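Working notes, beginning with the structure itself.
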2 protein chains.
Amino acid sequence: MGKVKDLRPIKLQERKLLAINQLLLPKELKWETLETYQQVAKAIKDMVVRGAPLIGVVGAYGFAIGVNQIVSQNQDLSKAEEVYNTLKNTRPTAVNLFWALDRMWNKLQKLINNGVEKETIVETLFKEAKKIEMEDYHANRNIGGYGEVFLPEKGNILTHCNTGALATSGWGTALGIIRTAFENGKDIKVFVDETRPYLQGARLTAWELEYEGIPHYLITDNSAGFLMKKGMVDAVVVGADRITRNGDVANKIGTYTLSVLAKEHNIPFYVAAPTSTFDLKTLKGEDIPIEERPQEEVKTCGGKQIAPDGTQAINYSFDITPSSNITAIITERGIISPVNRENVEKFFEYKGG
Amino acid sequence: MGKVKDLRPIKLQERKLLAINQLLLPKELKWETLETYQQVAKAIKDMVVRGAPLIGVVGAYGFAIGVNQIVSQNQDLSKAEEVYNTLKNTRPTAVNLFWALDRMWNKLQKLINNGVEKETIVETLFKEAKKIEMEDYHANRNIGGYGEVFLPEKGNILTHCNTGALATSGWGTALGIIRTAFENGKDIKVFVDETRPYLQGARLTAWELEYEGIPHYLITDNSAGFLMKKGMVDAVVVGADRITRNGDVANKIGTYTLSVLAKEHNIPFYVAAPTSTFDLKTLKGEDIPIEERPQEEVKTCGGKQIAPDGTQAINYSFDITPSSNITAIITERGIISPVNRENVEKFFEYKGG
């Protein structure tokens, strides 16, 4: 039975947020101190912290920190709207950030309406952010439990991007399923595709698996098809940044390609995500805004320019996997399978239009 | 109408071979001087020169250089076997190298049997290598002509790895088709996937297209599926390192994945290769030895380590695309389509077993 070390990517120190700087891994493990909501927003935008669930948790703490700044400077609480907008406008695709900020905003409004004293408001907001963090962690433990049964006793699992402790409040979603399987004594090896351009796979997932002592192999993104063809992959497990009402999934660029390959080789393709990832107001994948990031990320690797000066690059940060390519979605409240609009609506007892 | 500059990757200077060092592009354009067959072999093995047709041409010159060394040192011509083996054992997958070396070896044997004088033998071998180089160049111009008709008047073409002047004696195969289309005034834009780990796409293909003024965009290897899904790709054109009797193709890792994606989206998938790429003695793709290269190539990018020290990597340099995923193979002697054993055998008037 494996012993999981249970890494955490952030910690609260009084009213400051400490966060592992994910731009520097695996070479350097450095904790940044984020003391203002502007610093938190910049950390999200620059991808010092990343991973859909984690930016939700960090956004929540950022909001509490921002309200603390307002109260400390004796400003009017209506300025919290600026805090909300600054944090919300950092990155457009992952819905967890918007969900967490809306929850924090609604909490603040409730406290204001109840005439709660300002210092208590700040305290309560920090507690609410802590709740969001703990709920996310427990959701991941549940996802791990639900998902682990799908993995073979012995086999090779392919994963994409980073969906581990570094992408969440801890444990992870897709990587959390792998952690749980390892903890339960399954003989799992993980194929980690490097996930260009940001290299979440090579830099973050490989680092987490190395940290936990879970056997793994790093591969280039373009190798997955060949490994599947050679019969070397038993299942694919990935995370999600947003899931629509019909079960389409937006996730790190390259996910769609893996789903097509898995389908071609009859390999199960699982998406692991907490229910906070679902955006039921959006019907299908095509309606999700896909972030485009600076060309420089594609034109460089390892900090060095790899392409000619004049070359233009295209840098979509996410892609859309249609529900028909997904074997099952594994949430903290159970499984959705097959994945389609009817089953998603039923799962959430959705009554909207 | 575009004006193509017609770049060449090698040049013979007396009995020395000058070669652009492809490890240093795009940052630096440096010509190496290869004066011994051992230096030529090292240049092939280290991928200072690469590309199936080019390593055939370079291998041929290396053989002539080696025989020149033997004659200059007054050694017995039987030592040519060591030259042959050293060059042959550099890289196992591309058949052009073996074909070229066998042709040079047979020429040498014929000259010896005819009692030709040693200095004339050396001269004749250099002429034979020059013939191989020129035949490859003219084959590429033909491939360009045959293949160009398949490209739309206006559209986006996805290509993989580097199949240009830097992969051949000049003009290129898949990239040669693009050069010919550009020269004929077609409004073509090229999606260049970077092709990890060696980055032939980002470093070499983008550099060639920039040099020729052909519009192009660099993308990560994992983006191709999403671009196809968005309807942005009109055709895929790639090269080959070896083609078997049933039409299976070994090519740079990632090719198989692109073929599956193209099939999923009903996008034509063309393979451009001279007939010297065919290995009719080998029946199917599974029988081709797939080179594995050092893990370090995957664990680093842009010269910097991107993965943790302890992480193992898998580095298959090539993969196999089944003939059923290929729309047509375009050779210097015409088209094979559909691609299957019967049509390949007919094309080559194959009578063996």
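Letters for chains follow the order of the structure tokens (A, B, ...), residue numbers begin at 1 for each chain, and ligand numbers begin at 1 in the order shown.
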
Hey, could you make a per-residue contact list for region 192-243 of chain A against region 327-334 of chain A with 10 Å as the cut-off, showing the nearest pair of atoms and its distance in Å to one decimal, counting only C-alpha atoms, sorted by chain and number, as a tab-separated table?
```
residue	atom	partner	partner_atom	distance
A:Val236	CA	A:Thr327	CA	9.8
A:Val237	CA	A:Ile329	CA	9.8
A:Val238	CA	A:Ile329	CA	9.8
A:Gly239	CA	A:Ile329	CA	9.4
A:Ala240	CA	A:Ile329	CA	9.7
A:Ile243	CA	A:Ile329	CA	9.6
```

Resulting file, chosen residues, N, CA, C and O atoms, as a PDB file, in the first residue's frame:
```
ATOM      1  N   VAL A 236      -7.458   6.615 -19.830  1.00  0.00           N
ATOM      2  CA  VAL A 236      -7.059   8.017 -19.819  1.00  0.00           C
ATOM      3  C   VAL A 236      -7.916   8.716 -18.769  1.00  0.00           C
ATOM      4  O   VAL A 236      -9.135   8.512 -18.714  1.00  0.00           O
ATOM      5  N   VAL A 237      -7.290   9.499 -17.897  1.00  0.00           N
ATOM      6  CA  VAL A 237      -8.049  10.267 -16.891  1.00  0.00           C
ATOM      7  C   VAL A 237      -7.570  11.716 -16.952  1.00  0.00           C
ATOM      8  O   VAL A 237      -6.370  11.959 -16.836  1.00  0.00           O
ATOM      9  N   VAL A 238      -8.510  12.626 -17.144  1.00  0.00           N
ATOM     10  CA  VAL A 238      -8.158  14.046 -17.235  1.00  0.00           C
ATOM     11  C   VAL A 238      -9.081  14.864 -16.345  1.00  0.00           C
ATOM     12  O   VAL A 238     -10.075  14.359 -15.829  1.00  0.00           O
ATOM     13  N   GLY A 239      -8.752  16.133 -16.200  1.00  0.00           N
ATOM     14  CA  GLY A 239      -9.585  17.041 -15.412  1.00  0.00           C
ATOM     15  C   GLY A 239     -10.495  17.845 -16.326  1.00  0.00           C
ATOM     16  O   GLY A 239     -10.775  17.449 -17.458  1.00  0.00           O
ATOM     17  N   ALA A 240     -10.969  18.979 -15.820  1.00  0.00           N
ATOM     18  CA  ALA A 240     -11.836  19.840 -16.622  1.00  0.00           C
ATOM     19  C   ALA A 240     -11.782  21.260 -16.080  1.00  0.00           C
ATOM     20  O   ALA A 240     -11.596  21.476 -14.878  1.00  0.00           O
ATOM     21  N   ILE A 243     -17.595  22.355 -17.618  1.00  0.00           N
ATOM     22  CA  ILE A 243     -18.434  21.313 -18.226  1.00  0.00           C
ATOM     23  C   ILE A 243     -19.822  21.915 -18.468  1.00  0.00           C
ATOM     24  O   ILE A 243     -20.427  22.490 -17.564  1.00  0.00           O
TER      25      ILE A 243
END
```

Taking 4 positions as the minimum chain separation for residues in the same chain, which residues sit within 8 Å of Thr311 (chain A) when counting only C-alpha atoms? Answer as a PDB file with all heavy atoms, in the first residue's frame.
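This went into around00.pdb:
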```pdb
ATOM      1  N   ALA A 307      11.704  29.397 -32.004  1.00  0.00           N
ATOM      2  CA  ALA A 307      11.199  29.653 -33.342  1.00  0.00           C
ATOM      3  C   ALA A 307      11.822  30.947 -33.862  1.00  0.00           C
ATOM      4  O   ALA A 307      12.301  31.768 -33.080  1.00  0.00           O
ATOM      5  CB  ALA A 307       9.678  29.777 -33.304  1.00  0.00           C
TER       6      ALA A 307
ATOM      7  N   ALA B 206       9.691  26.194 -39.553  1.00  0.00           N
ATOM      8  CA  ALA B 206       9.324  27.612 -39.451  1.00  0.00           C
ATOM      9  C   ALA B 206      10.448  28.467 -40.028  1.00  0.00           C
ATOM     10  O   ALA B 206      10.207  29.466 -40.711  1.00  0.00           O
ATOM     11  CB  ALA B 206       9.040  27.988 -38.005  1.00  0.00           C
ATOM     12  N   GLU B 210       9.953  30.924 -43.133  1.00  0.00           N
ATOM     13  CA  GLU B 210      10.281  32.336 -42.900  1.00  0.00           C
ATOM     14  C   GLU B 210      11.272  32.791 -43.980  1.00  0.00           C
ATOM     15  O   GLU B 210      11.107  33.847 -44.587  1.00  0.00           O
ATOM     16  CB  GLU B 210      10.894  32.461 -41.503  1.00  0.00           C
ATOM     17  CG  GLU B 210      11.066  33.850 -40.968  1.00  0.00           C
ATOM     18  CD  GLU B 210       9.770  34.582 -40.694  1.00  0.00           C
ATOM     19  OE1 GLU B 210       8.693  33.944 -40.662  1.00  0.00           O
ATOM     20  OE2 GLU B 210       9.821  35.814 -40.522  1.00  0.00           O
ATOM     21  N   HIS B 216       2.933  31.250 -42.425  1.00  0.00           N
ATOM     22  CA  HIS B 216       2.823  30.068 -41.587  1.00  0.00           C
ATOM     23  C   HIS B 216       2.514  30.462 -40.144  1.00  0.00           C
ATOM     24  O   HIS B 216       2.727  31.609 -39.742  1.00  0.00           O
ATOM     25  CB  HIS B 216       4.131  29.270 -41.643  1.00  0.00           C
ATOM     26  CG  HIS B 216       5.316  30.044 -41.166  1.00  0.00           C
ATOM     27  ND1 HIS B 216       5.898  31.044 -41.922  1.00  0.00           N
ATOM     28  CD2 HIS B 216       6.011  29.983 -40.000  1.00  0.00           C
ATOM     29  CE1 HIS B 216       6.904  31.570 -41.234  1.00  0.00           C
ATOM     30  NE2 HIS B 216       7.006  30.955 -40.079  1.00  0.00           N
ATOM     31  N   TYR B 217       2.004  29.499 -39.376  1.00  0.00           N
ATOM     32  CA  TYR B 217       1.753  29.682 -37.955  1.00  0.00           C
ATOM     33  C   TYR B 217       2.316  28.489 -37.209  1.00  0.00           C
ATOM     34  O   TYR B 217       2.122  27.348 -37.626  1.00  0.00           O
ATOM     35  CB  TYR B 217       0.246  29.750 -37.666  1.00  0.00           C
ATOM     36  CG  TYR B 217      -0.425  30.935 -38.283  1.00  0.00           C
ATOM     37  CD1 TYR B 217      -1.009  30.851 -39.543  1.00  0.00           C
ATOM     38  CD2 TYR B 217      -0.463  32.156 -37.618  1.00  0.00           C
ATOM     39  CE1 TYR B 217      -1.615  31.945 -40.124  1.00  0.00           C
ATOM     40  CE2 TYR B 217      -1.073  33.265 -38.192  1.00  0.00           C
ATOM     41  CZ  TYR B 217      -1.649  33.147 -39.450  1.00  0.00           C
ATOM     42  OH  TYR B 217      -2.248  34.241 -40.028  1.00  0.00           O
ATOM     43  N   LEU B 218       2.971  28.776 -36.119  1.00  0.00           N
ATOM     44  CA  LEU B 218       3.507  27.712 -35.268  1.00  0.00           C
ATOM     45  C   LEU B 218       2.441  27.327 -34.257  1.00  0.00           C
ATOM     46  O   LEU B 218       1.759  28.187 -33.690  1.00  0.00           O
ATOM     47  CB  LEU B 218       4.751  28.219 -34.544  1.00  0.00           C
ATOM     48  CG  LEU B 218       5.438  27.232 -33.608  1.00  0.00           C
ATOM     49  CD1 LEU B 218       5.993  26.037 -34.387  1.00  0.00           C
ATOM     50  CD2 LEU B 218       6.567  27.934 -32.849  1.00  0.00           C
TER      51      LEU B 218
END
```

From a DSSP calculation on the backbone, collect every residue of region 22-265 of chain B in helix (DSSP H, G or I) and output the set as a PyMOL selection string.
chain B and resi 37-45+52-72+77-88+95-113+118-148+165-167+174-183+200-212+221-229+255-264

Give me, as a Markdown table, each residue of region 79-148 of chain B that comes within 8 Å of region 27-51 of chain B, together with its shortest interatomic pair and the distance in Å at one decimal, counting only C-alpha atoms, with rows ordered by chain and rising residue number.
```
| residue | atom | partner | partner_atom | distance |
| --- | --- | --- | --- | --- |
| B:Val83 | CA | B:Tyr37 | CA | 6.8 |
| B:Thr86 | CA | B:Ala41 | CA | 6.7 |
| B:Leu87 | CA | B:Ala41 | CA | 5.2 |
| B:Thr90 | CA | B:Lys45 | CA | 4.9 |
| B:Arg91 | CA | B:Lys45 | CA | 6.2 |
```

Restricting the calculation to only C-alpha atoms: of B:Leu7, B:Thr159, B:Ala64, B:Lys110, which residue gets closest to Glu123 (chain B)?
B:Ala64

Distance query Lys351 (chain A) at most 12 Å, only C-alpha atoms, self and fewer than 2 positions along chain excluded, as a PyMOL selection string
chain A and resi 245+280-281+342+344-349+353

Using only N, CA and C atoms, please write the residues we just selected to a file, as a JSON list (two decimals), in the first residue's frame.
```json
[["chain", "number", "residue", "atom", "x", "y", "z"],
["A", 245, "ARG", "N", -23.94, 21.94, -19.99],
["A", 245, "ARG", "CA", -25.15, 21.20, -19.63],
["A", 245, "ARG", "C", -25.27, 19.91, -20.44],
["A", 280, "LEU", "N", -24.15, 25.00, -15.88],
["A", 280, "LEU", "CA", -25.40, 24.53, -16.48],
["A", 280, "LEU", "C", -26.09, 25.59, -17.33],
["A", 281, "LYS", "N", -25.72, 26.85, -17.12],
["A", 281, "LYS", "CA", -26.34, 27.92, -17.93],
["A", 281, "LYS", "C", -25.82, 27.87, -19.36],
["A", 342, "GLU", "N", -29.25, 14.79, -21.09],
["A", 342, "GLU", "CA", -30.30, 14.22, -20.24],
["A", 342, "GLU", "C", -29.73, 13.78, -18.89],
["A", 344, "VAL", "N", -26.85, 14.70, -17.47],
["A", 344, "VAL", "CA", -26.32, 15.82, -16.68],
["A", 344, "VAL", "C", -27.48, 16.55, -15.99],
["A", 345, "GLU", "N", -28.55, 16.80, -16.73],
["A", 345, "GLU", "CA", -29.70, 17.50, -16.14],
["A", 345, "GLU", "C", -30.31, 16.70, -15.01],
["A", 346, "LYS", "N", -30.41, 15.39, -15.23],
["A", 346, "LYS", "CA", -30.96, 14.52, -14.19],
["A", 346, "LYS", "C", -30.09, 14.55, -12.94],
["A", 347, "PHE", "N", -28.77, 14.49, -13.14],
["A", 347, "PHE", "CA", -27.81, 14.46, -12.03],
["A", 347, "PHE", "C", -27.96, 15.70, -11.16],
["A", 348, "PHE", "N", -28.18, 16.83, -11.82],
["A", 348, "PHE", "CA", -28.26, 18.08, -11.08],
["A", 348, "PHE", "C", -29.71, 18.50, -10.79],
["A", 349, "GLU", "N", -30.65, 17.63, -11.15],
["A", 349, "GLU", "CA", -32.07, 17.97, -10.99],
["A", 349, "GLU", "C", -32.31, 19.36, -11.57],
["A", 353, "GLY", "N", -34.12, 26.46, -18.21],
["A", 353, "GLY", "CA", -34.28, 26.32, -19.67],
["A", 353, "GLY", "C", -32.95, 26.33, -20.37]]
```

Near chain B, meaning an atom within 7 Å, which residues of chain A appear when counting only C-alpha atoms? Write them as a compact mmCIF listing (two decimals) with all heavy atoms, in the first residue's frame.
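Result file follows (out_12.txt):
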```txt
# COMPACT_ATOMS: atom_id res chain seq x y z
N PRO A 26 9.98 22.38 -12.02
CA PRO A 26 10.43 21.60 -10.87
C PRO A 26 11.78 22.02 -10.30
O PRO A 26 12.21 21.47 -9.31
CB PRO A 26 10.58 20.19 -11.49
CG PRO A 26 11.02 20.45 -12.88
CD PRO A 26 10.35 21.72 -13.30
N ARG A 196 2.63 20.91 -23.55
CA ARG A 196 3.10 22.20 -24.01
C ARG A 196 1.92 23.15 -24.14
O ARG A 196 0.78 22.70 -24.33
CB ARG A 196 3.78 22.01 -25.38
CG ARG A 196 5.24 21.57 -25.26
CD ARG A 196 6.17 22.76 -24.99
NE ARG A 196 6.31 23.59 -26.15
CZ ARG A 196 6.64 24.87 -26.11
NH1 ARG A 196 6.88 25.47 -24.97
NH2 ARG A 196 6.76 25.54 -27.24
N PRO A 197 2.08 24.48 -24.09
CA PRO A 197 3.38 25.13 -23.94
C PRO A 197 3.85 25.34 -22.50
O PRO A 197 5.03 25.55 -22.26
CB PRO A 197 3.14 26.50 -24.59
CG PRO A 197 1.71 26.79 -24.35
CD PRO A 197 1.00 25.46 -24.38
N ALA A 202 5.19 17.92 -17.52
CA ALA A 202 6.61 17.69 -17.24
C ALA A 202 7.03 18.36 -15.93
O ALA A 202 7.79 17.79 -15.14
CB ALA A 202 7.46 18.23 -18.38
N ARG A 203 6.57 19.58 -15.72
CA ARG A 203 7.08 20.36 -14.59
C ARG A 203 6.31 20.11 -13.30
O ARG A 203 6.88 20.12 -12.21
CB ARG A 203 7.07 21.86 -14.93
CG ARG A 203 7.94 22.24 -16.10
CD ARG A 203 8.08 23.75 -16.27
NE ARG A 203 6.81 24.45 -16.33
CZ ARG A 203 6.27 25.14 -15.33
NH1 ARG A 203 6.88 25.25 -14.17
NH2 ARG A 203 5.11 25.73 -15.52
N ALA A 206 4.79 15.48 -13.14
CA ALA A 206 5.93 14.59 -12.89
C ALA A 206 6.52 14.92 -11.52
O ALA A 206 6.90 14.01 -10.77
CB ALA A 206 6.98 14.75 -13.99
N TRP A 207 6.57 16.19 -11.17
CA TRP A 207 7.12 16.59 -9.87
C TRP A 207 6.27 16.04 -8.73
O TRP A 207 6.80 15.50 -7.75
CB TRP A 207 7.19 18.12 -9.80
CG TRP A 207 7.81 18.65 -8.55
CD1 TRP A 207 9.15 18.76 -8.27
CD2 TRP A 207 7.12 19.13 -7.39
NE1 TRP A 207 9.33 19.28 -7.01
CE2 TRP A 207 8.12 19.52 -6.46
CE3 TRP A 207 5.79 19.28 -7.05
CZ2 TRP A 207 7.79 20.04 -5.21
CZ3 TRP A 207 5.46 19.80 -5.81
CH2 TRP A 207 6.46 20.17 -4.90
N GLU A 210 6.72 12.25 -8.55
CA GLU A 210 8.05 11.98 -8.01
C GLU A 210 8.01 12.17 -6.49
O GLU A 210 8.51 11.34 -5.73
CB GLU A 210 9.03 12.95 -8.67
CG GLU A 210 10.49 12.69 -8.45
CD GLU A 210 11.01 11.41 -9.09
OE1 GLU A 210 10.32 10.80 -9.93
OE2 GLU A 210 12.11 11.01 -8.71
N TYR A 217 6.11 7.85 -16.25
CA TYR A 217 6.99 8.10 -17.38
C TYR A 217 6.55 9.37 -18.07
O TYR A 217 5.34 9.57 -18.29
CB TYR A 217 6.91 6.96 -18.41
CG TYR A 217 7.42 5.65 -17.88
CD1 TYR A 217 6.56 4.74 -17.29
CD2 TYR A 217 8.79 5.33 -17.94
CE1 TYR A 217 7.02 3.55 -16.78
CE2 TYR A 217 9.26 4.14 -17.43
CZ TYR A 217 8.36 3.25 -16.85
OH TYR A 217 8.82 2.07 -16.34
N LEU A 218 7.49 10.20 -18.41
CA LEU A 218 7.19 11.42 -19.15
C LEU A 218 7.23 11.12 -20.64
O LEU A 218 8.12 10.39 -21.12
CB LEU A 218 8.24 12.48 -18.81
CG LEU A 218 8.09 13.83 -19.50
CD1 LEU A 218 6.79 14.51 -19.09
CD2 LEU A 218 9.29 14.71 -19.19
N ILE A 219 6.26 11.65 -21.39
CA ILE A 219 6.25 11.49 -22.84
C ILE A 219 5.95 12.84 -23.49
O ILE A 219 5.41 13.74 -22.85
CB ILE A 219 5.18 10.46 -23.30
CG1 ILE A 219 3.76 10.92 -22.95
CG2 ILE A 219 5.47 9.09 -22.72
CD1 ILE A 219 2.66 10.06 -23.58
N THR A 220 6.31 12.95 -24.77
CA THR A 220 5.92 14.16 -25.50
C THR A 220 4.43 14.06 -25.81
O THR A 220 3.86 12.97 -25.84
CB THR A 220 6.70 14.29 -26.81
OG1 THR A 220 6.55 13.07 -27.56
CG2 THR A 220 8.18 14.52 -26.55
N ASP A 221 3.78 15.21 -26.03
CA ASP A 221 2.33 15.20 -26.30
C ASP A 221 2.00 14.37 -27.53
O ASP A 221 0.92 13.79 -27.64
CB ASP A 221 1.83 16.64 -26.49
CG ASP A 221 2.00 17.48 -25.22
OD1 ASP A 221 2.04 16.90 -24.13
OD2 ASP A 221 2.12 18.71 -25.36
N ASN A 222 2.94 14.34 -28.48
CA ASN A 222 2.65 13.66 -29.74
C ASN A 222 2.87 12.14 -29.70
O ASN A 222 2.73 11.47 -30.72
CB ASN A 222 3.47 14.28 -30.88
CG ASN A 222 4.96 14.24 -30.62
OD1 ASN A 222 5.45 13.37 -29.90
ND2 ASN A 222 5.69 15.18 -31.19
N SER A 223 3.26 11.62 -28.53
CA SER A 223 3.53 10.18 -28.41
C SER A 223 2.31 9.35 -28.03
O SER A 223 2.33 8.13 -28.19
CB SER A 223 4.59 9.92 -27.34
OG SER A 223 5.81 10.49 -27.69
N GLY A 225 -0.67 8.72 -29.14
CA GLY A 225 -1.31 7.86 -30.14
C GLY A 225 -0.54 6.56 -30.34
O GLY A 225 -1.12 5.46 -30.35
N PHE A 226 0.77 6.68 -30.45
CA PHE A 226 1.60 5.50 -30.70
C PHE A 226 1.57 4.56 -29.51
O PHE A 226 1.49 3.33 -29.67
CB PHE A 226 3.03 5.94 -31.02
CG PHE A 226 3.93 4.85 -31.51
CD1 PHE A 226 3.51 3.94 -32.48
CD2 PHE A 226 5.23 4.72 -31.02
CE1 PHE A 226 4.35 2.93 -32.94
CE2 PHE A 226 6.08 3.72 -31.48
CZ PHE A 226 5.64 2.82 -32.43
N ILE A 253 -5.60 22.41 -23.67
CA ILE A 253 -5.38 22.08 -25.06
C ILE A 253 -4.67 20.74 -25.18
O ILE A 253 -3.69 20.46 -24.47
CB ILE A 253 -4.56 23.21 -25.76
CG1 ILE A 253 -4.47 22.96 -27.26
CG2 ILE A 253 -3.16 23.35 -25.16
CD1 ILE A 253 -5.71 23.38 -28.01
N GLY A 254 -5.20 19.92 -26.07
CA GLY A 254 -4.64 18.58 -26.24
C GLY A 254 -5.57 17.50 -25.71
O GLY A 254 -5.44 16.33 -26.08
N TYR A 256 -8.83 17.20 -26.26
CA TYR A 256 -9.68 16.72 -27.35
C TYR A 256 -8.95 15.66 -28.18
O TYR A 256 -9.50 14.61 -28.49
CB TYR A 256 -10.13 17.88 -28.25
CG TYR A 256 -10.82 17.41 -29.50
CD1 TYR A 256 -12.02 16.70 -29.42
CD2 TYR A 256 -10.28 17.64 -30.77
CE1 TYR A 256 -12.66 16.24 -30.56
CE2 TYR A 256 -10.92 17.19 -31.91
CZ TYR A 256 -12.10 16.49 -31.80
OH TYR A 256 -12.73 16.03 -32.93
N THR A 257 -7.71 15.93 -28.53
CA THR A 257 -6.89 14.98 -29.29
C THR A 257 -6.81 13.64 -28.56
O THR A 257 -6.98 12.58 -29.18
CB THR A 257 -5.48 15.54 -29.54
OG1 THR A 257 -5.57 16.62 -30.48
CG2 THR A 257 -4.55 14.48 -30.10
N VAL A 260 -10.06 11.69 -28.97
CA VAL A 260 -10.21 11.07 -30.29
C VAL A 260 -9.36 9.80 -30.37
O VAL A 260 -9.80 8.76 -30.86
CB VAL A 260 -9.81 12.05 -31.41
CG1 VAL A 260 -9.78 11.35 -32.77
CG2 VAL A 260 -10.77 13.23 -31.45
N LEU A 261 -8.15 9.89 -29.87
CA LEU A 261 -7.24 8.73 -29.87
C LEU A 261 -7.80 7.60 -29.00
O LEU A 261 -7.76 6.42 -29.38
CB LEU A 261 -5.86 9.13 -29.38
CG LEU A 261 -5.04 10.03 -30.30
CD1 LEU A 261 -3.78 10.52 -29.59
CD2 LEU A 261 -4.65 9.31 -31.58
N VAL A 298 4.38 29.83 -26.90
CA VAL A 298 4.60 28.77 -27.89
C VAL A 298 5.95 28.93 -28.57
O VAL A 298 6.60 27.95 -28.93
CB VAL A 298 3.47 28.78 -28.96
CG1 VAL A 298 3.76 27.81 -30.10
CG2 VAL A 298 2.14 28.42 -28.30
N CYS A 301 10.64 27.72 -25.18
CA CYS A 301 10.55 26.50 -24.39
C CYS A 301 11.73 26.48 -23.44
O CYS A 301 12.86 26.74 -23.88
CB CYS A 301 10.54 25.25 -25.26
SG CYS A 301 9.84 23.81 -24.42
N GLY A 302 11.45 26.19 -22.18
CA GLY A 302 12.55 26.22 -21.21
C GLY A 302 13.16 27.60 -21.12
O GLY A 302 14.34 27.74 -20.83
N LYS A 304 13.81 29.59 -23.52
CA LYS A 304 14.63 29.94 -24.69
C LYS A 304 13.75 30.02 -25.94
O LYS A 304 12.82 29.23 -26.11
CB LYS A 304 15.70 28.87 -24.88
CG LYS A 304 16.65 29.12 -26.04
CD LYS A 304 17.79 28.11 -26.05
CE LYS A 304 18.34 27.92 -27.47
NZ LYS A 304 19.34 26.86 -27.51
N ILE A 306 12.60 29.25 -29.47
CA ILE A 306 12.83 28.07 -30.31
C ILE A 306 12.42 28.30 -31.75
O ILE A 306 12.74 27.51 -32.62
CB ILE A 306 12.07 26.84 -29.77
CG1 ILE A 306 10.57 27.16 -29.62
CG2 ILE A 306 12.67 26.33 -28.47
CD1 ILE A 306 9.69 25.94 -29.40
N ALA A 307 11.70 29.40 -32.00
CA ALA A 307 11.20 29.65 -33.34
C ALA A 307 11.82 30.95 -33.86
O ALA A 307 12.30 31.77 -33.08
CB ALA A 307 9.68 29.78 -33.30
N PRO A 308 11.81 31.15 -35.18
CA PRO A 308 12.38 32.38 -35.74
C PRO A 308 11.60 33.60 -35.24
O PRO A 308 10.41 33.52 -34.92
CB PRO A 308 12.17 32.21 -37.25
CG PRO A 308 11.97 30.76 -37.47
CD PRO A 308 11.34 30.23 -36.25
N GLY A 310 10.35 36.15 -36.78
CA GLY A 310 9.19 36.58 -37.55
C GLY A 310 8.01 35.64 -37.51
O GLY A 310 6.91 35.99 -37.95
N THR A 311 8.20 34.45 -36.98
CA THR A 311 7.13 33.45 -36.99
C THR A 311 6.00 33.82 -36.03
O THR A 311 6.25 34.16 -34.88
CB THR A 311 7.71 32.07 -36.64
OG1 THR A 311 8.52 31.62 -37.73
CG2 THR A 311 6.62 31.03 -36.39
N GLN A 312 4.76 33.74 -36.53
CA GLN A 312 3.58 33.92 -35.69
C GLN A 312 3.19 32.57 -35.09
O GLN A 312 3.40 31.53 -35.71
CB GLN A 312 2.39 34.41 -36.53
CG GLN A 312 2.66 35.69 -37.29
CD GLN A 312 2.72 36.88 -36.36
OE1 GLN A 312 1.73 37.19 -35.71
NE2 GLN A 312 3.86 37.54 -36.27
N ALA A 313 2.60 32.61 -33.90
CA ALA A 313 2.14 31.37 -33.28
C ALA A 313 0.68 31.50 -32.89
O ALA A 313 0.16 32.60 -32.72
CB ALA A 313 2.98 31.06 -32.04
N ILE A 314 0.03 30.35 -32.78
CA ILE A 314 -1.35 30.31 -32.29
C ILE A 314 -1.31 29.60 -30.94
O ILE A 314 -0.67 28.56 -30.80
CB ILE A 314 -2.25 29.53 -33.28
CG1 ILE A 314 -2.39 30.31 -34.58
CG2 ILE A 314 -3.61 29.24 -32.67
CD1 ILE A 314 -3.14 29.58 -35.67
N ASN A 315 -1.97 30.19 -29.94
CA ASN A 315 -1.87 29.65 -28.58
C ASN A 315 -3.22 29.55 -27.90
O ASN A 315 -3.55 30.33 -27.00
CB ASN A 315 -0.90 30.52 -27.76
CG ASN A 315 -0.58 29.92 -26.39
OD1 ASN A 315 -0.93 28.78 -26.09
ND2 ASN A 315 0.09 30.69 -25.55
N ASP A 319 -9.21 23.31 -25.18
CA ASP A 319 -10.02 22.85 -26.29
C ASP A 319 -11.28 22.20 -25.74
O ASP A 319 -11.48 22.12 -24.52
CB ASP A 319 -9.25 21.94 -27.26
CG ASP A 319 -8.65 20.69 -26.64
OD1 ASP A 319 -9.19 20.18 -25.63
OD2 ASP A 319 -7.64 20.19 -27.19
```

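When CA of Gly59 (chain A) is paired with CA of His160 (chain A), their separation reads 23.8 Å.
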
In Å, how far is it from CA of Ser72 (chain B) to CA of Lys11 (chain B)?
21.8 Å

Using CA of Asp102 (chain A) and CA of Val57 (chain A) as the two end points, give the distance in Å to one decimal.
12.0 Å

Which residue is closest to Phe269 (chain B)? Choose from B:Leu23, B:Ala174, B:Ala250, B:Leu101 and count only C-alpha atoms.
B:Ala174

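Proximity to Val190 (chain B) at 6 Å, evaluated using only C-alpha atoms and with sequence-adjacent residues fewer than 6 positions away removed, yields Asn156, Ile157, Leu158 and His216 of chain B.
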
Selected residue, from A:Val271, A:Val4, A:Ile70, A:Met104, that lies nearest to Ile335 (chain A) when counting only C-alpha atoms:
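Comparing A:Val271, A:Val4, A:Ile70, A:Met104 against Ile335 (chain A), the winner is A:Val271.
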